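Participant: Take a look at this one; I'll ask things after.
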Amino acid sequence: MATATKAHVMFEWEGKNKNGQKQRGFTSAPNQELVKAKLRRQGIIPTKIRKKRKEFGGKGKITPSDIALFARQLTTMMGAGVPMVQSFEIVANGVESKAMRDMINGIKAEVEAGSNLTNALRKYPEQFDELFCSLTEAGEQSGTLESLLNEIALYKEKSESLKKKIKKALFYPVAVLVIAFVVTAILLVFVVPQFESLFEGMGGELPAFTKMIVTASEFMQAWWYVLFGGAGAVVWVFVQAKKRSKAFSELLDRVALKAPVFGDIVVKAAIARFSRTLATMSKAGVPLVEAMDSVAGVAGNSVFEKAIYKMRDEAATGQRLTVSIEASGLFSNMVVQMVAIGEEAGSIDDMLAKVADYYEEEVDNAVDAMTSLMEPMIMSFLGVVIGGLVVGMYLPIFKMGDAF
């Protein structure tokens, strides 16, 4: 079954229905012949079938935020009593991204052809992960699809909010450092040489600090392409090594957990993701061992991922979740106690949801505190670097003024 699903390709088609009206849409199938067969079963005579072209550029990308919004809109439509197929039409007409609209129309075509929603979503594994599909399947089997779609929408919204907080913590200092590097390079390449020609006409000995800046300027002018190219190469190698080397990626994850200030945010974010995902899966009635696979997949850190897989294996042997969580050494005593209470009272989903709420707020507060702490440090750094260059250039002029 898994091989057949992977072999599916999205086809764009045009045709006529029994009344002779033109229709067009999207259907997923291994080949064109099966697309024709599907359309004929729907009473459509195909006139044109071709593979759907891949989208490029900004409007061709489907983001996790788009999927979160899709889940929320579908929940709202179904809550209002709108039939599923019509809900897809309404949602598709309201999105700006052509790629998103095409995907929704593709899902709609699958459902119209007799497929259930879970199988239709599984045709798009890049957009709908196993957690999304598992919860949808549980909702269809139990007749609580609307309720579980609401849980999925809430989960996706919370997850995206958490991701944005982490990105906020990373983006600000990185952006400032990049700007500082670019501004420094511009000063050394374009501004300092103008002062250098002025100094040559003045004669006399230049201050040591000014000499150092002039030397740096000459080096930058001669080797700027090596510096910029080298910086780009280092970033590229780092990104590729993280993607391709599991050992390197795991090393970075371990370092991230122990990093000053930022490590605390990473740990809290991982606990929040663990708690939110497991709470959502438990509320949907997904068995613990099966749920742990999805939880590990969204852990966001290989150290937590390995620990969660170990918890899954221990749960399969009958060990209580509380014992496994405590033995991992990654979770605070509060988490252990809350899970223990949830297991005793039979309300582990509620307890985990409370843990998730607490740690999501903790991440938010930690990011704000770190940003507030880093702002004066970054401003001081910029002042020393940019201000130092300016002072170094004006030192000879100050000395000449003293001579008079």
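Residues are referred to by chain and number: the chain letter is A, B, ... according to the order shown in the structure tokens, the number counts from 1 in that chain, and ligands are numbered separately from 1 in the order shown.
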Please list as a PDB file with C-alpha atoms, in the first residue's frame every residue within 12 Å of range 221-227 of chain A, counting only C-alpha atoms and excluding residues in the same chain fewer than 6 positions away.
Facilitator:
```pdb
ATOM      1  CA  PHE A 181      29.341  42.706   8.947  1.00  0.00           C
ATOM      2  CA  VAL A 182      27.965  44.348   5.786  1.00  0.00           C
ATOM      3  CA  THR A 184      31.802  47.263   8.363  1.00  0.00           C
ATOM      4  CA  ALA A 185      32.745  45.898   4.934  1.00  0.00           C
ATOM      5  CA  ILE A 186      31.235  48.963   3.187  1.00  0.00           C
ATOM      6  CA  LEU A 187      33.166  51.330   5.473  1.00  0.00           C
ATOM      7  CA  LEU A 188      36.432  49.484   4.931  1.00  0.00           C
ATOM      8  CA  VAL A 189      36.042  49.223   1.147  1.00  0.00           C
ATOM      9  CA  PHE A 190      34.556  52.625   0.265  1.00  0.00           C
ATOM     10  CA  VAL A 191      34.954  55.097   3.163  1.00  0.00           C
ATOM     11  CA  VAL A 192      38.371  54.348   4.660  1.00  0.00           C
ATOM     12  CA  PRO A 193      40.227  54.699   1.299  1.00  0.00           C
ATOM     13  CA  VAL A 214      43.985  51.130   7.056  1.00  0.00           C
ATOM     14  CA  THR A 215      45.648  47.706   6.882  1.00  0.00           C
ATOM     15  CA  ALA A 233      30.783  28.693   1.766  1.00  0.00           C
ATOM     16  CA  VAL A 234      30.908  28.196   5.553  1.00  0.00           C
TER      17      VAL A 234
END
```
Participant: Based on DSSP run over this structure's backbone, return all residues of range 229-331 of chain A in helix (DSSP H, G or I), as a PyMOL selection string.
Facilitator: chain A and resi 229-244+246-258+262-283+288-297+302-316+321-328
Participant: Please return, as number ranges by chain, all residues of range 39-125 of chain A that DSSP assigns to strand (DSSP E) on the basis of the backbone.
Facilitator: A: 45-51
Participant: Would you put the residues from that selection into a file with C-alpha atoms, as a tab-separated table (two decimals), in the first residue's frame?
Facilitator:
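Full text of result00.tsv as output:
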```tsv
chain	number	residue	atom	x	y	z
A	45	ILE	CA	-15.56	12.25	-20.62
A	46	PRO	CA	-11.94	13.51	-20.46
A	47	THR	CA	-10.68	15.65	-23.34
A	48	LYS	CA	-7.28	16.58	-21.95
A	49	ILE	CA	-5.11	15.03	-19.22
A	50	ARG	CA	-1.60	16.14	-18.29
A	51	LYS	CA	0.69	16.00	-15.31
```
Participant: Between CA of Leu135 in chain A and CA of Ala92 in chain A, measure the distance and give it in Å to one decimal.
Facilitator: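 Interatomic distance here is 22.2 Å.
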Participant: Distance table requested - range 302-321 of chain A against range 260-272 of chain A, cut-off 10 Å, only C-alpha atoms: one row per qualifying residue with the closest atom pair and its distance in Å to one decimal, ordered by chain and rising residue number, as CSV.
Facilitator:
```
residue,atom,partner,partner_atom,distance
A:Val303,CA,A:Ala270,CA,9.9
A:Phe304,CA,A:Ala270,CA,7.3
A:Glu305,CA,A:Ala270,CA,9.5
```
Participant: Find the residues around range 387-401 of chain A up to 6 Å (only C-alpha atoms counted), leave out those fewer than 3 positions away in its own chain, and share them as a compact mmCIF listing (two decimals) with N, CA and C atoms, in the first residue's frame.
Facilitator:
```txt
# COMPACT_ATOMS: atom_id res chain seq x y z
N PHE A 209 46.22 52.67 15.96
CA PHE A 209 44.85 52.20 15.73
C PHE A 209 44.41 52.51 14.30
N THR A 210 44.78 53.71 13.83
CA THR A 210 44.43 54.09 12.45
C THR A 210 45.16 53.21 11.45
N GLY A 383 28.11 49.66 18.50
CA GLY A 383 28.78 50.92 18.85
C GLY A 383 30.29 50.77 18.85
N VAL A 384 30.78 49.66 19.40
CA VAL A 384 32.23 49.42 19.46
C VAL A 384 32.80 49.24 18.05
N PHE A 404 48.41 72.31 16.15
CA PHE A 404 48.23 73.73 15.94
C PHE A 404 47.82 74.41 17.26
```
Participant: Which residues, written as an MDAnalysis selection string, have at least one atom at most 10 Å from Asn116 in chain A, with only C-alpha atoms counted and residues fewer than 6 positions away on the same chain left out?
Facilitator: chainID A and resid 107 110 136:137 140
Participant: Limited to C-alpha atoms, could you put the picked residues into a file as a short mmCIF file (atom, residue, chain, number, x, y, z; two decimals), in the first residue's frame?
Facilitator:
```cif
data_model
loop_
_atom_site.label_atom_id
_atom_site.label_comp_id
_atom_site.auth_asym_id
_atom_site.auth_seq_id
_atom_site.Cartn_x
_atom_site.Cartn_y
_atom_site.Cartn_z
CA ILE A 107 -8.39 16.56 -2.30
CA GLU A 110 -10.44 12.39 -4.49
CA THR A 136 -8.34 12.51 10.70
CA GLU A 137 -8.60 8.72 10.41
CA GLU A 140 -13.70 9.32 10.51
#
```
Participant: Would you kindly return, as a PyMOL selection string, each protein, DNA or RNA residue with an atom no farther than 9 Å from any atom of Ser328 in chain A, considering only C-alpha atoms and excluding same-chain residues fewer than 5 positions away?
Facilitator: chain A and resi 304+307-308+310-311+323
Participant: Which residues, written as a PyMOL selection string, have at least one atom at most 9 Å from Val336 in chain A, with only C-alpha atoms counted and residues fewer than 5 positions away on the same chain left out?
Facilitator: chain A and resi 322-323+325-326+331+341
Participant: Could those selected residues go to a file with C-alpha atoms, as an mmCIF file, in the first residue's frame?
Facilitator:
```cif
data_model
loop_
_atom_site.group_PDB
_atom_site.id
_atom_site.type_symbol
_atom_site.label_atom_id
_atom_site.label_comp_id
_atom_site.auth_asym_id
_atom_site.auth_seq_id
_atom_site.Cartn_x
_atom_site.Cartn_y
_atom_site.Cartn_z
ATOM 1 C CA THR A 322 5.405 8.444 34.327
ATOM 2 C CA VAL A 323 8.293 6.054 35.010
ATOM 3 C CA ILE A 325 9.449 10.231 31.524
ATOM 4 C CA GLU A 326 11.243 10.416 34.866
ATOM 5 C CA PHE A 331 11.642 16.540 31.892
ATOM 6 C CA ILE A 341 -1.790 12.611 38.309
#
```
Participant: Residues near Ala180 in chain A, anyone? I mean within 10 Å using only C-alpha atoms, not counting same-chain ones fewer than 6 positions away, as a list in words.
Facilitator: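 Final neighbour list, sorted by chain and number: Val174, Ile186, Ile378, Phe381, Leu382, Gly383, Val385 and Ile386 of chain A.
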Participant: If you keep N, CA and C atoms, can you produce a file of those selected residues as a JSON list (two decimals), in the first residue's frame?
Facilitator:
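For reference, result_13.json as written:
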```
[["chain", "number", "residue", "atom", "x", "y", "z"],
["A", 174, "VAL", "N", 21.01, 37.26, 14.75],
["A", 174, "VAL", "CA", 21.66, 36.91, 13.47],
["A", 174, "VAL", "C", 21.55, 38.06, 12.47],
["A", 186, "ILE", "N", 31.44, 47.76, 4.01],
["A", 186, "ILE", "CA", 31.24, 48.96, 3.19],
["A", 186, "ILE", "C", 32.16, 50.10, 3.63],
["A", 378, "ILE", "N", 23.80, 43.97, 21.90],
["A", 378, "ILE", "CA", 23.99, 44.12, 20.46],
["A", 378, "ILE", "C", 24.28, 45.57, 20.11],
["A", 381, "PHE", "N", 27.80, 46.27, 20.96],
["A", 381, "PHE", "CA", 28.68, 45.65, 19.97],
["A", 381, "PHE", "C", 28.76, 46.51, 18.71],
["A", 382, "LEU", "N", 27.59, 46.95, 18.22],
["A", 382, "LEU", "CA", 27.56, 47.81, 17.03],
["A", 382, "LEU", "C", 28.31, 49.12, 17.30],
["A", 383, "GLY", "N", 28.11, 49.66, 18.50],
["A", 383, "GLY", "CA", 28.78, 50.92, 18.85],
["A", 383, "GLY", "C", 30.29, 50.77, 18.85],
["A", 385, "VAL", "N", 32.11, 48.43, 17.22],
["A", 385, "VAL", "CA", 32.64, 48.13, 15.87],
["A", 385, "VAL", "C", 32.56, 49.36, 14.97],
["A", 386, "ILE", "N", 31.35, 49.91, 14.79],
["A", 386, "ILE", "CA", 31.17, 51.04, 13.87],
["A", 386, "ILE", "C", 31.83, 52.30, 14.45]]
```
